[in-house]
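What follows is upload29.txt (compact mmCIF, C-alpha atoms and all ligand atoms).
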# COMPACT_ATOMS: atom_id res chain seq x y z
CA MET A 1 117.61 113.27 104.39
CA PRO A 2 116.49 112.48 107.99
CA SER A 3 113.29 114.54 107.61
CA GLU A 4 112.71 112.86 104.23
CA LEU A 5 112.94 109.48 105.98
CA ARG A 6 110.48 110.65 108.62
CA ARG A 7 108.12 111.80 105.85
CA LEU A 8 108.37 108.39 104.15
CA ALA A 9 107.74 106.68 107.50
CA ASP A 10 104.56 108.77 107.91
CA ASN A 11 103.46 107.87 104.38
CA LEU A 12 104.07 104.19 105.08
CA VAL A 13 101.66 104.44 108.00
CA ARG A 14 99.16 106.34 105.87
CA GLY A 15 99.40 103.68 103.13
CA ALA A 16 98.43 100.94 105.58
CA PHE A 17 95.38 102.91 106.76
CA LEU A 18 94.31 103.56 103.15
CA GLU A 19 94.56 99.84 102.41
CA LEU A 20 92.56 98.93 105.52
CA TYR A 21 89.74 101.37 104.72
CA LEU A 22 89.48 100.52 100.99
CA THR A 23 86.11 98.75 100.73
CA PRO A 24 85.16 96.16 99.49
CA LYS A 25 88.21 93.87 99.37
CA PRO A 26 87.53 90.12 98.95
CA GLY A 27 88.50 88.05 101.99
CA LEU A 28 90.19 90.97 103.76
CA VAL A 29 89.18 93.17 106.67
CA ASP A 30 87.49 96.36 105.46
CA LEU A 31 84.84 98.83 106.59
CA ASN A 32 82.03 96.36 105.74
CA ASP A 33 83.26 93.22 107.49
CA PRO A 34 86.31 91.20 108.64
CA GLY A 35 86.23 89.05 105.48
CA SER A 36 87.74 85.60 106.10
CA HIS A 37 89.52 86.78 109.28
CA HIS A 38 87.29 85.73 112.18
CA ASP A 39 89.90 86.81 114.72
CA LEU A 40 90.18 90.34 113.27
CA SER A 41 88.20 93.60 113.22
CA ILE A 42 88.82 97.17 112.11
CA ASN A 43 89.52 98.11 115.75
CA ARG A 44 92.06 95.38 116.20
CA MET A 45 93.81 96.30 112.97
CA GLU A 46 93.89 99.96 113.98
CA ALA A 47 95.49 98.90 117.28
CA SER A 48 98.05 96.95 115.27
CA LEU A 49 98.72 100.03 113.10
CA ALA A 50 99.51 102.04 116.23
CA VAL A 51 102.35 99.55 116.78
CA VAL A 52 103.41 99.84 113.11
CA SER A 53 103.46 103.63 113.43
CA ASP A 54 105.65 103.52 116.53
CA TYR A 55 107.96 101.01 114.81
CA LEU A 56 108.40 103.07 111.65
CA GLY A 57 109.22 106.18 113.71
CA ARG A 58 111.91 104.26 115.58
CA LEU A 59 113.21 102.78 112.35
CA ALA A 60 113.52 106.24 110.75
CA ASP A 61 115.51 107.38 113.81
CA SER A 62 117.78 104.33 113.63
CA LEU A 63 118.46 104.96 109.95
CA ALA A 64 119.04 108.68 110.49
CA GLN A 65 121.62 107.80 113.16
CA GLY A 66 123.40 105.52 110.68
CA GLU A 67 122.92 102.34 112.70
CA GLU A 68 123.76 98.94 111.17
CA LEU A 69 121.22 96.70 109.40
CA ALA A 70 121.18 94.40 112.44
CA ALA A 71 119.60 97.24 114.48
CA GLN A 72 116.81 97.62 111.92
CA VAL A 73 116.14 93.87 111.89
CA ARG A 74 115.97 93.90 115.68
CA LEU A 75 113.37 96.71 115.55
CA GLY A 76 111.31 94.63 113.07
CA ILE A 77 111.39 91.57 115.34
CA GLU A 78 110.44 93.71 118.36
CA ALA A 79 107.55 95.23 116.41
CA GLU A 80 106.21 91.77 115.53
CA ALA A 81 106.25 90.89 119.25
CA ALA A 82 104.65 94.23 120.24
CA MET A 83 101.87 93.70 117.68
CA LEU A 84 101.07 90.31 119.21
CA GLU A 85 101.18 91.74 122.73
CA HIS A 86 99.16 94.94 122.16
CA ALA A 87 96.79 93.91 119.36
CA GLY A 88 96.74 90.13 119.81
CA THR A 89 97.30 89.51 116.10
CA ASN A 90 99.96 89.04 113.43
CA CYS A 91 97.87 90.92 110.86
CA HIS A 92 100.69 93.30 109.87
CA LYS A 93 103.58 90.84 110.02
CA GLY A 94 104.13 91.09 106.28
CA TYR A 95 103.77 94.87 106.30
CA ILE A 96 106.21 95.36 109.18
CA PHE A 97 108.78 93.62 107.03
CA LEU A 98 107.91 95.23 103.66
CA SER A 99 107.56 98.79 104.98
CA GLY A 100 110.76 98.44 107.01
CA LEU A 101 112.58 97.11 103.99
CA LEU A 102 111.44 100.01 101.79
CA LEU A 103 112.38 102.61 104.40
CA THR A 104 115.79 101.00 104.95
CA ALA A 105 116.37 100.84 101.19
CA ALA A 106 115.36 104.51 100.81
CA ALA A 107 117.99 105.49 103.39
CA ARG A 108 120.64 103.51 101.52
CA SER A 109 119.73 104.52 97.96
CA GLY A 110 119.88 108.24 98.80
CA GLY A 111 117.01 109.55 96.67
CA GLY A 112 118.18 107.87 93.43
CA GLY A 113 114.72 107.15 91.97
CA GLU A 114 112.61 103.99 91.78
CA ALA A 115 115.15 101.82 89.91
CA ALA A 116 117.81 102.59 92.52
CA LEU A 117 115.30 101.98 95.32
CA SER A 118 114.32 98.59 93.89
CA ALA A 119 118.00 97.64 93.53
CA ALA A 120 118.66 98.67 97.16
CA VAL A 121 115.69 96.53 98.32
CA ALA A 122 117.10 93.50 96.47
CA ASP A 123 120.54 94.15 97.91
CA ILE A 124 119.30 94.29 101.51
CA ALA A 125 117.06 91.23 101.03
CA ALA A 126 120.05 89.25 99.68
CA ARG A 127 121.90 90.07 102.91
CA LEU A 128 118.90 89.19 105.09
CA PHE A 129 118.15 85.89 103.37
CA ASP A 130 121.65 84.58 102.69
CA ARG A 131 120.91 81.27 104.37
CA GLU A 132 118.07 78.76 104.50
CA GLN A 133 115.10 79.63 106.72
CA GLN A 134 115.22 77.66 109.98
CA GLU A 135 111.87 78.43 111.64
CA LYS A 136 108.83 77.19 109.77
CA SER A 137 105.94 79.59 109.15
CA ASN A 138 102.65 79.43 107.22
CA GLY A 139 104.41 81.14 104.32
CA SER A 140 107.49 78.92 104.33
CA ARG A 141 105.33 75.78 104.47
CA ALA A 142 103.32 77.06 101.48
CA CYS A 143 106.61 77.76 99.66
CA ASP A 144 107.84 74.21 100.40
CA SER A 145 104.56 72.55 99.36
CA TYR A 146 103.93 74.54 96.18
CA GLY A 147 107.39 75.63 95.07
CA ALA A 148 106.40 79.26 95.70
CA ARG A 149 108.77 82.12 96.68
CA GLY A 150 106.35 84.33 98.64
CA ILE A 151 107.52 87.41 100.49
CA ARG A 152 111.21 86.43 100.38
CA GLY A 153 111.19 86.09 96.59
CA GLU A 154 109.32 89.37 96.28
CA ALA A 155 111.94 91.11 98.43
CA MET A 156 114.96 89.50 96.76
CA ASP A 157 113.66 90.54 93.34
CA GLY A 158 113.42 94.21 94.48
CA LEU A 159 109.60 94.37 94.95
CA PRO A 160 108.47 93.81 91.34
CA ALA A 161 104.82 93.71 92.48
CA LEU A 162 105.20 97.35 93.56
CA PHE A 163 107.52 98.78 90.92
CA ARG A 164 106.61 96.73 87.84
CA GLU A 165 102.94 95.91 88.41
CA ALA A 166 101.03 98.14 90.85
CA LEU A 167 102.58 101.56 90.17
CA PRO A 168 102.47 101.28 86.34
CA ALA A 169 98.83 100.07 86.53
CA PHE A 170 97.87 103.08 88.66
CA ARG A 171 99.78 105.50 86.42
CA ARG A 172 98.29 104.11 83.19
CA GLU A 173 94.77 104.53 84.55
CA LEU A 174 95.56 108.04 85.76
CA ALA A 175 97.10 108.99 82.41
CA ALA A 176 93.84 107.85 80.77
CA GLY A 177 92.02 110.39 82.96
CA ASN A 178 90.47 107.79 85.29
CA ARG A 179 91.54 108.92 88.76
CA GLY A 180 88.49 107.30 90.39
CA SER A 181 89.31 103.78 89.20
CA ALA A 182 93.14 103.94 89.30
CA VAL A 183 93.28 102.30 92.73
CA TYR A 184 91.13 99.42 91.49
CA ALA A 185 93.32 98.95 88.41
CA MET A 186 96.22 98.64 90.86
CA LEU A 187 94.33 96.18 93.10
CA GLY A 188 93.42 94.09 90.03
CA ARG A 189 97.05 93.98 88.88
CA LEU A 190 98.26 92.86 92.31
CA MET A 191 95.57 90.18 92.62
CA ALA A 192 96.44 88.93 89.12
CA THR A 193 100.18 88.68 89.70
CA VAL A 194 101.17 88.22 93.38
CA GLU A 195 102.18 84.73 94.52
CA ASP A 196 100.26 85.17 97.75
CA THR A 197 101.24 82.54 100.32
CA THR A 198 98.26 83.32 102.57
CA ALA A 199 95.94 82.21 99.74
CA LEU A 200 98.14 79.13 99.17
CA HIS A 201 98.30 78.31 102.88
CA ARG A 202 94.53 78.55 103.34
CA CYS A 203 93.18 77.14 100.05
CA GLY A 204 96.07 75.59 98.09
CA ARG A 205 96.79 76.15 94.40
CA GLU A 206 93.09 76.49 93.66
CA GLY A 207 92.83 79.39 96.13
CA LEU A 208 95.73 81.28 94.58
CA ALA A 209 94.34 80.63 91.08
CA THR A 210 91.01 82.13 92.20
CA VAL A 211 92.73 85.31 93.43
CA ASN A 212 94.78 85.59 90.21
CA GLU A 213 91.72 85.03 87.96
CA ASP A 214 89.64 87.52 89.96
CA GLY A 215 92.44 90.05 89.52
CA ARG A 216 92.26 89.70 85.75
CA ALA A 217 88.44 89.92 85.86
CA LEU A 218 88.69 93.10 87.96
CA GLU A 219 91.14 94.64 85.49
CA LEU A 220 88.74 93.93 82.64
CA LEU A 221 85.76 95.42 84.50
CA VAL A 222 87.77 98.55 85.25
CA GLU A 223 88.82 98.81 81.60
CA GLN A 224 85.22 98.37 80.42
CA ARG A 225 83.88 100.84 83.03
CA ASP A 226 81.63 98.08 84.35
CA ASP A 227 80.36 97.60 87.93
CA PHE A 228 83.57 96.45 89.60
CA MET A 229 82.35 97.38 93.10
CA ARG A 230 79.50 94.85 92.85
CA PHE A 231 81.99 92.26 91.57
CA LEU A 232 84.26 92.82 94.58
CA SER A 233 81.33 92.47 97.03
CA GLN A 234 80.21 89.24 95.39
CA ARG A 235 83.72 87.82 95.43
CA ASN A 236 83.98 88.73 99.12
CA GLU A 237 81.01 86.44 99.85
CA HIS A 238 82.68 83.66 97.89
CA TYR A 239 86.05 84.12 99.66
CA VAL A 240 84.37 84.07 103.08
CA SER A 241 82.54 80.84 102.15
CA ARG A 242 85.94 79.26 101.30
CA ASN A 243 88.00 80.90 104.09
CA LEU A 244 90.11 82.39 101.30
CA THR A 245 92.13 85.56 101.81
CA MET A 246 95.03 87.49 100.22
CA GLY A 247 97.16 89.02 102.97
CA GLY A 248 100.18 89.41 100.67
CA VAL A 249 98.11 91.42 98.17
CA ALA A 250 96.89 93.58 101.09
CA ASP A 251 100.42 94.34 102.26
CA LEU A 252 101.65 95.16 98.76
CA LEU A 253 98.59 97.35 98.16
CA ALA A 254 99.41 99.23 101.38
CA LEU A 255 102.99 99.68 100.18
CA SER A 256 101.73 100.98 96.82
CA PHE A 257 99.40 103.47 98.52
CA ALA A 258 102.30 104.57 100.70
CA TRP A 259 104.67 105.19 97.81
CA LEU A 260 102.03 107.03 95.76
CA SER A 261 101.24 109.15 98.80
CA HIS A 262 104.95 109.88 99.20
CA THR A 263 105.35 110.95 95.56
CA GLY A 264 102.19 113.09 95.75
CA GLU A 265 100.42 111.06 93.05
CA LEU A 266 97.41 110.32 95.23
CA GLU A 267 96.57 114.02 95.39
CA PRO A 268 94.39 115.51 92.65
CA ALA A 269 96.40 117.60 90.16
CA PRO A 270 96.07 121.38 90.80
CA GLN A 271 93.46 123.00 88.50
C1 LIG B 1 111.04 87.34 106.59
C2 LIG B 1 109.76 87.53 107.32
C3 LIG B 1 108.81 88.17 106.39
C4 LIG B 1 109.33 86.22 107.89
O1 LIG B 1 108.76 85.43 106.99
P1 LIG B 1 108.03 84.14 107.48
O2 LIG B 1 108.46 83.01 106.62
O3 LIG B 1 108.16 83.94 108.95
O4 LIG B 1 106.54 84.54 107.27
P2 LIG B 1 105.44 84.19 106.24
O5 LIG B 1 104.53 83.22 106.87
O6 LIG B 1 106.02 83.88 104.90
O7 LIG B 1 104.68 85.57 106.24
C5 LIG B 1 105.03 86.63 105.53
C6 LIG B 1 103.79 87.48 105.30
O8 LIG B 1 103.99 88.18 104.06
C7 LIG B 1 102.73 88.39 103.40
N1 LIG B 1 102.82 87.77 102.07
C8 LIG B 1 102.35 86.59 101.63
N2 LIG B 1 102.67 86.39 100.34
C9 LIG B 1 103.37 87.47 99.96
C10 LIG B 1 104.01 87.85 98.74
N3 LIG B 1 104.00 87.05 97.67
N4 LIG B 1 104.64 89.03 98.69
C11 LIG B 1 104.66 89.84 99.78
N5 LIG B 1 104.07 89.55 100.95
C12 LIG B 1 103.46 88.37 101.05
C13 LIG B 1 101.69 87.78 104.26
O9 LIG B 1 101.25 88.78 105.17
C14 LIG B 1 99.86 88.96 105.35
O10 LIG B 1 99.26 87.79 105.81
C15 LIG B 1 99.52 87.74 107.20
C16 LIG B 1 98.67 86.71 107.82
O11 LIG B 1 99.26 85.49 107.42
P3 LIG B 1 99.35 84.26 108.38
O12 LIG B 1 100.23 84.53 109.53
O13 LIG B 1 99.71 83.10 107.54
O14 LIG B 1 97.89 84.25 108.99
P4 LIG B 1 96.56 83.45 108.73
O15 LIG B 1 96.30 83.04 107.32
O16 LIG B 1 95.47 84.21 109.37
O17 LIG B 1 96.95 82.18 109.54
P5 LIG B 1 96.06 81.09 110.18
O18 LIG B 1 95.33 81.79 111.31
O19 LIG B 1 95.15 80.59 109.10
O20 LIG B 1 97.04 80.05 110.66
C17 LIG B 1 99.44 89.11 107.70
O21 LIG B 1 100.56 89.36 108.49
C18 LIG B 1 99.46 89.92 106.42
O22 LIG B 1 100.35 90.98 106.58
C19 LIG B 1 102.49 86.71 105.01
O23 LIG B 1 101.90 86.31 106.19
C20 LIG B 1 109.83 88.52 108.52
O24 LIG B 1 108.85 88.15 109.45
C21 LIG B 1 111.11 88.82 109.22
O25 LIG B 1 112.21 88.34 109.02
N6 LIG B 1 110.90 89.76 110.10
C22 LIG B 1 111.88 90.33 110.98
C23 LIG B 1 112.76 91.40 110.35
C24 LIG B 1 112.12 92.62 109.87
O26 LIG B 1 110.97 92.87 110.02
N7 LIG B 1 112.95 93.45 109.26
C25 LIG B 1 112.59 94.73 108.81
C26 LIG B 1 113.25 95.12 107.53
S1 LIG B 1 114.93 95.53 107.65
N1 LIG B 2 92.92 94.40 105.33
C1 LIG B 2 93.54 93.30 105.77
N2 LIG B 2 92.83 92.20 106.15
C2 LIG B 2 93.47 91.09 106.59
N3 LIG B 2 94.80 90.96 106.71
C3 LIG B 2 95.55 92.02 106.37
N4 LIG B 2 96.89 92.22 106.39
C4 LIG B 2 97.11 93.46 105.96
N5 LIG B 2 95.96 94.11 105.65
C5 LIG B 2 94.96 93.23 105.89

Would you mind writing the file's structure down as structure tokens?
Ligand SMILES: CC(C)(COP(=O)(O)OP(=O)(O)OC[C@H]1O[C@@H](n2cnc3c(N)ncnc32)[C@H](O[C@H]2O[C@H](COP(=O)(O)OP(=O)(O)OP(=O)(O)O)[C@@H](O)[C@H]2O)[C@@H]1O)[C@@H](O)C(=O)NCCC(=O)NCCS
Ligand SMILES: Nc1ncnc2[nH]cnc12
Amino acid sequence: MPSELRRLADNLVRGAFLELYLTPKPGLVDLNDPGSHHDLSINRMEASLAVVSDYLGRLADSLAQGEELAAQVRLGIEAEAAMLEHAGTNCHKGYIFLSGLLLTAAARSGGGGEAALSAAVADIAARLFDREQQEKSNGSRACDSYGARGIRGEAMDGLPALFREALPAFRRELAAGNRGSAVYAMLGRLMATVEDTTALHRCGREGLATVNEDGRALELLVEQRDDFMRFLSQRNEHYVSRNLTMGGVADLLALSFAWLSHTGELEPAPQ
């Protein structure tokens, strides 16, 4: 089990790199440009991922040693601070939480499959969020203003965006023989369904509606084998003109990449 946790930790780091380098992604940092994030760059995000990598290694050790949940939360809080100190950004705040939650749930669910993993995530989140949030954040303000549930709702429901949306979308596309577009089917599904509080915080209900509609449009283009790469580039220009982004989608895409990497589904099937 400990080496399995270490392997998942490595895949969680790999997933975040795969998300970062997927290009184009509307509003987000990618290999073409920093999207709607004027304070970010590929280099800065790579520096942040060095912190994430160190954090996930420590977290795997803590879990292997059987430490209490409080120790894992403390490591998450320390990683948020280290990211600000070493990379000068909070660009992986959501991912530090989501990846840590998945790794912690994997340690507690003991290899019982995706349904057991999702249930363990929900169980841990219920313990973490058993009382009202005190400190206000961009996400919590968006939740208050728009009646959204954001990352907390996603966690307390056992990561439905991962298990019920992204992974099935990828697997359906793969089963249809379309390995090349499976990642984009997954991106489209996440854009269409995630209640992304970064989009809400920056551009209100209209911003989130744009992301959701673009997700459905992307899914259709993928299905029709149309030019979805051009669509994504054009939407990037639009998002930048509106300061719109989708950091929650990015984090959940990274988590999806990580899990698919862990299960071996990202690798081409042997001939
Ligand atoms: C519980 C925490 C997650 C704290 O939550 P908090 O309320 O403090 O934070 P939020 O502001 O809600 O941020 C959470 C980040 O989650 C991402 N996200 C948004 N919507 C969703 C969603 N529906 N599902 C999943 N994830 C979602 C999003 O992250 C990305 O955006 C970040 C940039 O956002 P922001 O800071 O608002 O930045 P800007 O728009 O650039 O701001 P301005 O400059 O315009 O002002 C970036 O990080 C992306 O990753 C949300 O931001 C958690 O922090 C906590 O408790 N941590 C400690 C414990 C821990 O880690 N434990 C480990 C597990 S045991
Ligand atoms: N590619 C990306 N761009 C901006 N914020 C992000 N948070 C996580 N991944 C991101």

Compile a residue-level contact table for chain A against ligand LIG 1 (chain B) at a cut-off of 6 Å, reporting for every qualifying residue the shortest atom pair and its distance in Å to one decimal, with all atoms listed in the file counted, rows ordered by chain and ascending number, as a tab-separated table.
residue	atom	partner	partner_atom	distance
A:Gln72	CA	B:LIG1	S1	5.1
A:Val73	CA	B:LIG1	N7	4.2
A:Gly76	CA	B:LIG1	O26	3.5
A:Ile77	CA	B:LIG1	C22	4.6
A:Asn90	CA	B:LIG1	O21	5.0
A:Cys91	CA	B:LIG1	O21	3.9
A:His92	CA	B:LIG1	O22	4.0
A:Lys93	CA	B:LIG1	O21	3.7
A:Gly94	CA	B:LIG1	O8	3.7
A:Tyr95	CA	B:LIG1	O22	5.2
A:Ile96	CA	B:LIG1	O26	5.4
A:Phe97	CA	B:LIG1	O26	3.8
A:Gly100	CA	B:LIG1	C26	4.2
A:Leu101	CA	B:LIG1	C26	4.1
A:Ser137	CA	B:LIG1	O5	4.5
A:Asn138	CA	B:LIG1	O5	4.2
A:Gly139	CA	B:LIG1	O6	3.2
A:Ser140	CA	B:LIG1	O2	4.8
A:Gly150	CA	B:LIG1	N3	3.7
A:Ile151	CA	B:LIG1	N4	3.8
A:Glu154	CA	B:LIG1	N4	5.3
A:Val194	CA	B:LIG1	N3	5.3
A:Glu195	CA	B:LIG1	N3	4.3
A:Asp196	CA	B:LIG1	N2	3.7
A:Thr197	CA	B:LIG1	N2	4.1
A:Thr198	CA	B:LIG1	O15	5.1
A:Gly247	CA	B:LIG1	C14	3.6
A:Gly248	CA	B:LIG1	N1	3.4
A:Asp251	CA	B:LIG1	O22	5.5

Go ahead and write the residues just picked, C-alpha atoms, as a compact mmCIF listing (two decimals), in the coordinates of the input.
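See result.txt below for the written result:
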# COMPACT_ATOMS: atom_id res chain seq x y z
CA GLN A 72 116.81 97.62 111.92
CA VAL A 73 116.14 93.87 111.89
CA GLY A 76 111.31 94.63 113.07
CA ILE A 77 111.39 91.57 115.34
CA ASN A 90 99.96 89.04 113.43
CA CYS A 91 97.87 90.92 110.86
CA HIS A 92 100.69 93.30 109.87
CA LYS A 93 103.58 90.84 110.02
CA GLY A 94 104.13 91.09 106.28
CA TYR A 95 103.77 94.87 106.30
CA ILE A 96 106.21 95.36 109.18
CA PHE A 97 108.78 93.62 107.03
CA GLY A 100 110.76 98.44 107.01
CA LEU A 101 112.58 97.11 103.99
CA SER A 137 105.94 79.59 109.15
CA ASN A 138 102.65 79.43 107.22
CA GLY A 139 104.41 81.14 104.32
CA SER A 140 107.49 78.92 104.33
CA GLY A 150 106.35 84.33 98.64
CA ILE A 151 107.52 87.41 100.49
CA GLU A 154 109.32 89.37 96.28
CA VAL A 194 101.17 88.22 93.38
CA GLU A 195 102.18 84.73 94.52
CA ASP A 196 100.26 85.17 97.75
CA THR A 197 101.24 82.54 100.32
CA THR A 198 98.26 83.32 102.57
CA GLY A 247 97.16 89.02 102.97
CA GLY A 248 100.18 89.41 100.67
CA ASP A 251 100.42 94.34 102.26

Residues at most 10 Å from Gly15 of chain A, counting all atoms listed in the file, excluding those fewer than 6 positions away in the same chain, as a compact mmCIF listing (two decimals) with C-alpha atoms, in the coordinates of the input?
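Ended up saving to selection03.txt:
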# COMPACT_ATOMS: atom_id res chain seq x y z
CA ALA A 9 107.74 106.68 107.50
CA SER A 99 107.56 98.79 104.98
CA ASP A 251 100.42 94.34 102.26
CA LEU A 252 101.65 95.16 98.76
CA LEU A 253 98.59 97.35 98.16
CA ALA A 254 99.41 99.23 101.38
CA LEU A 255 102.99 99.68 100.18
CA SER A 256 101.73 100.98 96.82
CA PHE A 257 99.40 103.47 98.52
CA ALA A 258 102.30 104.57 100.70
CA TRP A 259 104.67 105.19 97.81
CA LEU A 260 102.03 107.03 95.76
CA SER A 261 101.24 109.15 98.80
CA HIS A 262 104.95 109.88 99.20

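Minimum atom-to-atom distance to ligand LIG 2 (chain B), evaluated using all atoms listed in the file, belongs to A:Leu22 out of A:Ala64, A:Ala87, A:Leu22, A:Ala119.
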
As a check of understanding: the span from atom CA of Thr193 of chain A to atom CA of Ala148 of chain A is 12.8 Å

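From atom CA of Leu59 of chain A back to atom CA of Arg14 of chain A, the distance works out to 15.9 Å.
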
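The coordinates place atom CA of Glu135 of chain A at 18.8 Å from atom CA of Met156 of chain A.
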
Arg202 of chain A proximity check over A:Ser36, A:Asn236, A:Ser48, A:Ser109, using all atoms listed in the file: winner is A:Ser36

With distances taken over all atoms listed in the file, the candidate from A:Val121, A:Leu98, A:Leu200, A:Ala209 nearest Arg141 of chain A is A:Leu200

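Among A:Leu18, A:Val222, A:Leu117, A:Val211, the residue with the shortest atom-to-atom distance to ligand LIG 2 (chain B), counting all atoms listed in the file, is A:Leu18.
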
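Counting all atoms listed in the file and comparing A:Ala169, A:Leu162, A:Leu20, A:Met45, the residue that lies closest to Gly88 of chain A is A:Met45.
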
Axis-aligned box over every listed atom of segment 97-101 of chain A, padded by 5 Å per side: centre and edges in Å to one decimal, as lines of an AutoDock Vina configuration file?
center_x = 110.1
center_y = 96.2
center_z = 105.3
size_x = 15.0
size_y = 15.2
size_z = 13.4

Could you give me, as a PDB file with C-alpha atoms, in the frame of the given file, the residues that have an atom at most 10 Å away from the point (112.4, 103.4, 116.0) in the coordinates of the file, using only C-alpha atoms?
ATOM      1  CA  SER A  53     103.460 103.630 113.430  1.00  0.00           C
ATOM      2  CA  ASP A  54     105.650 103.520 116.530  1.00  0.00           C
ATOM      3  CA  TYR A  55     107.960 101.010 114.810  1.00  0.00           C
ATOM      4  CA  LEU A  56     108.400 103.070 111.650  1.00  0.00           C
ATOM      5  CA  GLY A  57     109.220 106.180 113.710  1.00  0.00           C
ATOM      6  CA  ARG A  58     111.910 104.260 115.580  1.00  0.00           C
ATOM      7  CA  LEU A  59     113.210 102.780 112.350  1.00  0.00           C
ATOM      8  CA  ALA A  60     113.520 106.240 110.750  1.00  0.00           C
ATOM      9  CA  ASP A  61     115.510 107.380 113.810  1.00  0.00           C
ATOM     10  CA  SER A  62     117.780 104.330 113.630  1.00  0.00           C
ATOM     11  CA  LEU A  63     118.460 104.960 109.950  1.00  0.00           C
ATOM     12  CA  ALA A  71     119.600  97.240 114.480  1.00  0.00           C
ATOM     13  CA  GLN A  72     116.810  97.620 111.920  1.00  0.00           C
ATOM     14  CA  LEU A  75     113.370  96.710 115.550  1.00  0.00           C
ATOM     15  CA  GLY A  76     111.310  94.630 113.070  1.00  0.00           C
ATOM     16  CA  ALA A  79     107.550  95.230 116.410  1.00  0.00           C
TER      17      ALA A  79
END

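Counting all atoms listed in the file and comparing A:Arg127, A:Arg189, A:Arg152, A:Arg216, the residue that lies closest to Phe170 of chain A is A:Arg189.
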
For Glu237 of chain A, find every residue with an atom within 10 Å (counting only C-alpha atoms), except residues of its own chain fewer than 3 positions away, and show them as a count of residues only. 11

Your completed segment 170-174 of chain A with all heavy atoms, as an mmCIF file, in the frame of the given file:
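Result written to selection16.cif:
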data_model
loop_
_atom_site.group_PDB
_atom_site.id
_atom_site.type_symbol
_atom_site.label_atom_id
_atom_site.label_comp_id
_atom_site.auth_asym_id
_atom_site.auth_seq_id
_atom_site.Cartn_x
_atom_site.Cartn_y
_atom_site.Cartn_z
ATOM 1 N N PHE A 170 98.486 101.847 88.147
ATOM 2 C CA PHE A 170 97.870 103.080 88.660
ATOM 3 C C PHE A 170 98.139 104.240 87.700
ATOM 4 O O PHE A 170 97.237 105.005 87.344
ATOM 5 C CB PHE A 170 98.452 103.394 90.051
ATOM 6 C CG PHE A 170 97.888 104.632 90.691
ATOM 7 C CD1 PHE A 170 96.778 104.565 91.521
ATOM 8 C CD2 PHE A 170 98.466 105.882 90.461
ATOM 9 C CE1 PHE A 170 96.248 105.716 92.114
ATOM 10 C CE2 PHE A 170 97.946 107.035 91.041
ATOM 11 C CZ PHE A 170 96.827 106.947 91.870
ATOM 12 N N ARG A 171 99.382 104.346 87.261
ATOM 13 C CA ARG A 171 99.780 105.500 86.420
ATOM 14 C C ARG A 171 99.124 105.458 85.048
ATOM 15 O O ARG A 171 98.752 106.494 84.499
ATOM 16 C CB ARG A 171 101.320 105.549 86.314
ATOM 17 C CG ARG A 171 101.935 105.994 87.633
ATOM 18 C CD ARG A 171 103.434 105.782 87.706
ATOM 19 N NE ARG A 171 103.934 106.217 89.013
ATOM 20 C CZ ARG A 171 105.087 105.839 89.538
ATOM 21 N NH1 ARG A 171 105.888 105.011 88.878
ATOM 22 N NH2 ARG A 171 105.447 106.277 90.726
ATOM 23 N N ARG A 172 98.972 104.248 84.490
ATOM 24 C CA ARG A 172 98.290 104.110 83.190
ATOM 25 C C ARG A 172 96.848 104.594 83.295
ATOM 26 O O ARG A 172 96.348 105.322 82.447
ATOM 27 C CB ARG A 172 98.278 102.641 82.730
ATOM 28 C CG ARG A 172 99.490 102.230 81.912
ATOM 29 C CD ARG A 172 99.254 100.898 81.218
ATOM 30 N NE ARG A 172 98.884 99.810 82.113
ATOM 31 C CZ ARG A 172 99.770 99.043 82.770
ATOM 32 N NH1 ARG A 172 101.049 99.232 82.618
ATOM 33 N NH2 ARG A 172 99.358 98.073 83.563
ATOM 34 N N GLU A 173 96.183 104.182 84.365
ATOM 35 C CA GLU A 173 94.770 104.530 84.550
ATOM 36 C C GLU A 173 94.631 106.051 84.766
ATOM 37 O O GLU A 173 93.718 106.685 84.251
ATOM 38 C CB GLU A 173 94.228 103.750 85.752
ATOM 39 C CG GLU A 173 92.734 103.696 85.874
ATOM 40 C CD GLU A 173 92.016 102.929 84.766
ATOM 41 O OE1 GLU A 173 92.679 102.259 83.935
ATOM 42 O OE2 GLU A 173 90.783 103.042 84.721
ATOM 43 N N LEU A 174 95.576 106.594 85.511
ATOM 44 C CA LEU A 174 95.560 108.040 85.760
ATOM 45 C C LEU A 174 95.808 108.814 84.466
ATOM 46 O O LEU A 174 95.132 109.807 84.177
ATOM 47 C CB LEU A 174 96.655 108.371 86.780
ATOM 48 C CG LEU A 174 96.459 109.618 87.619
ATOM 49 C CD1 LEU A 174 95.176 109.514 88.431
ATOM 50 C CD2 LEU A 174 97.650 109.797 88.568
#
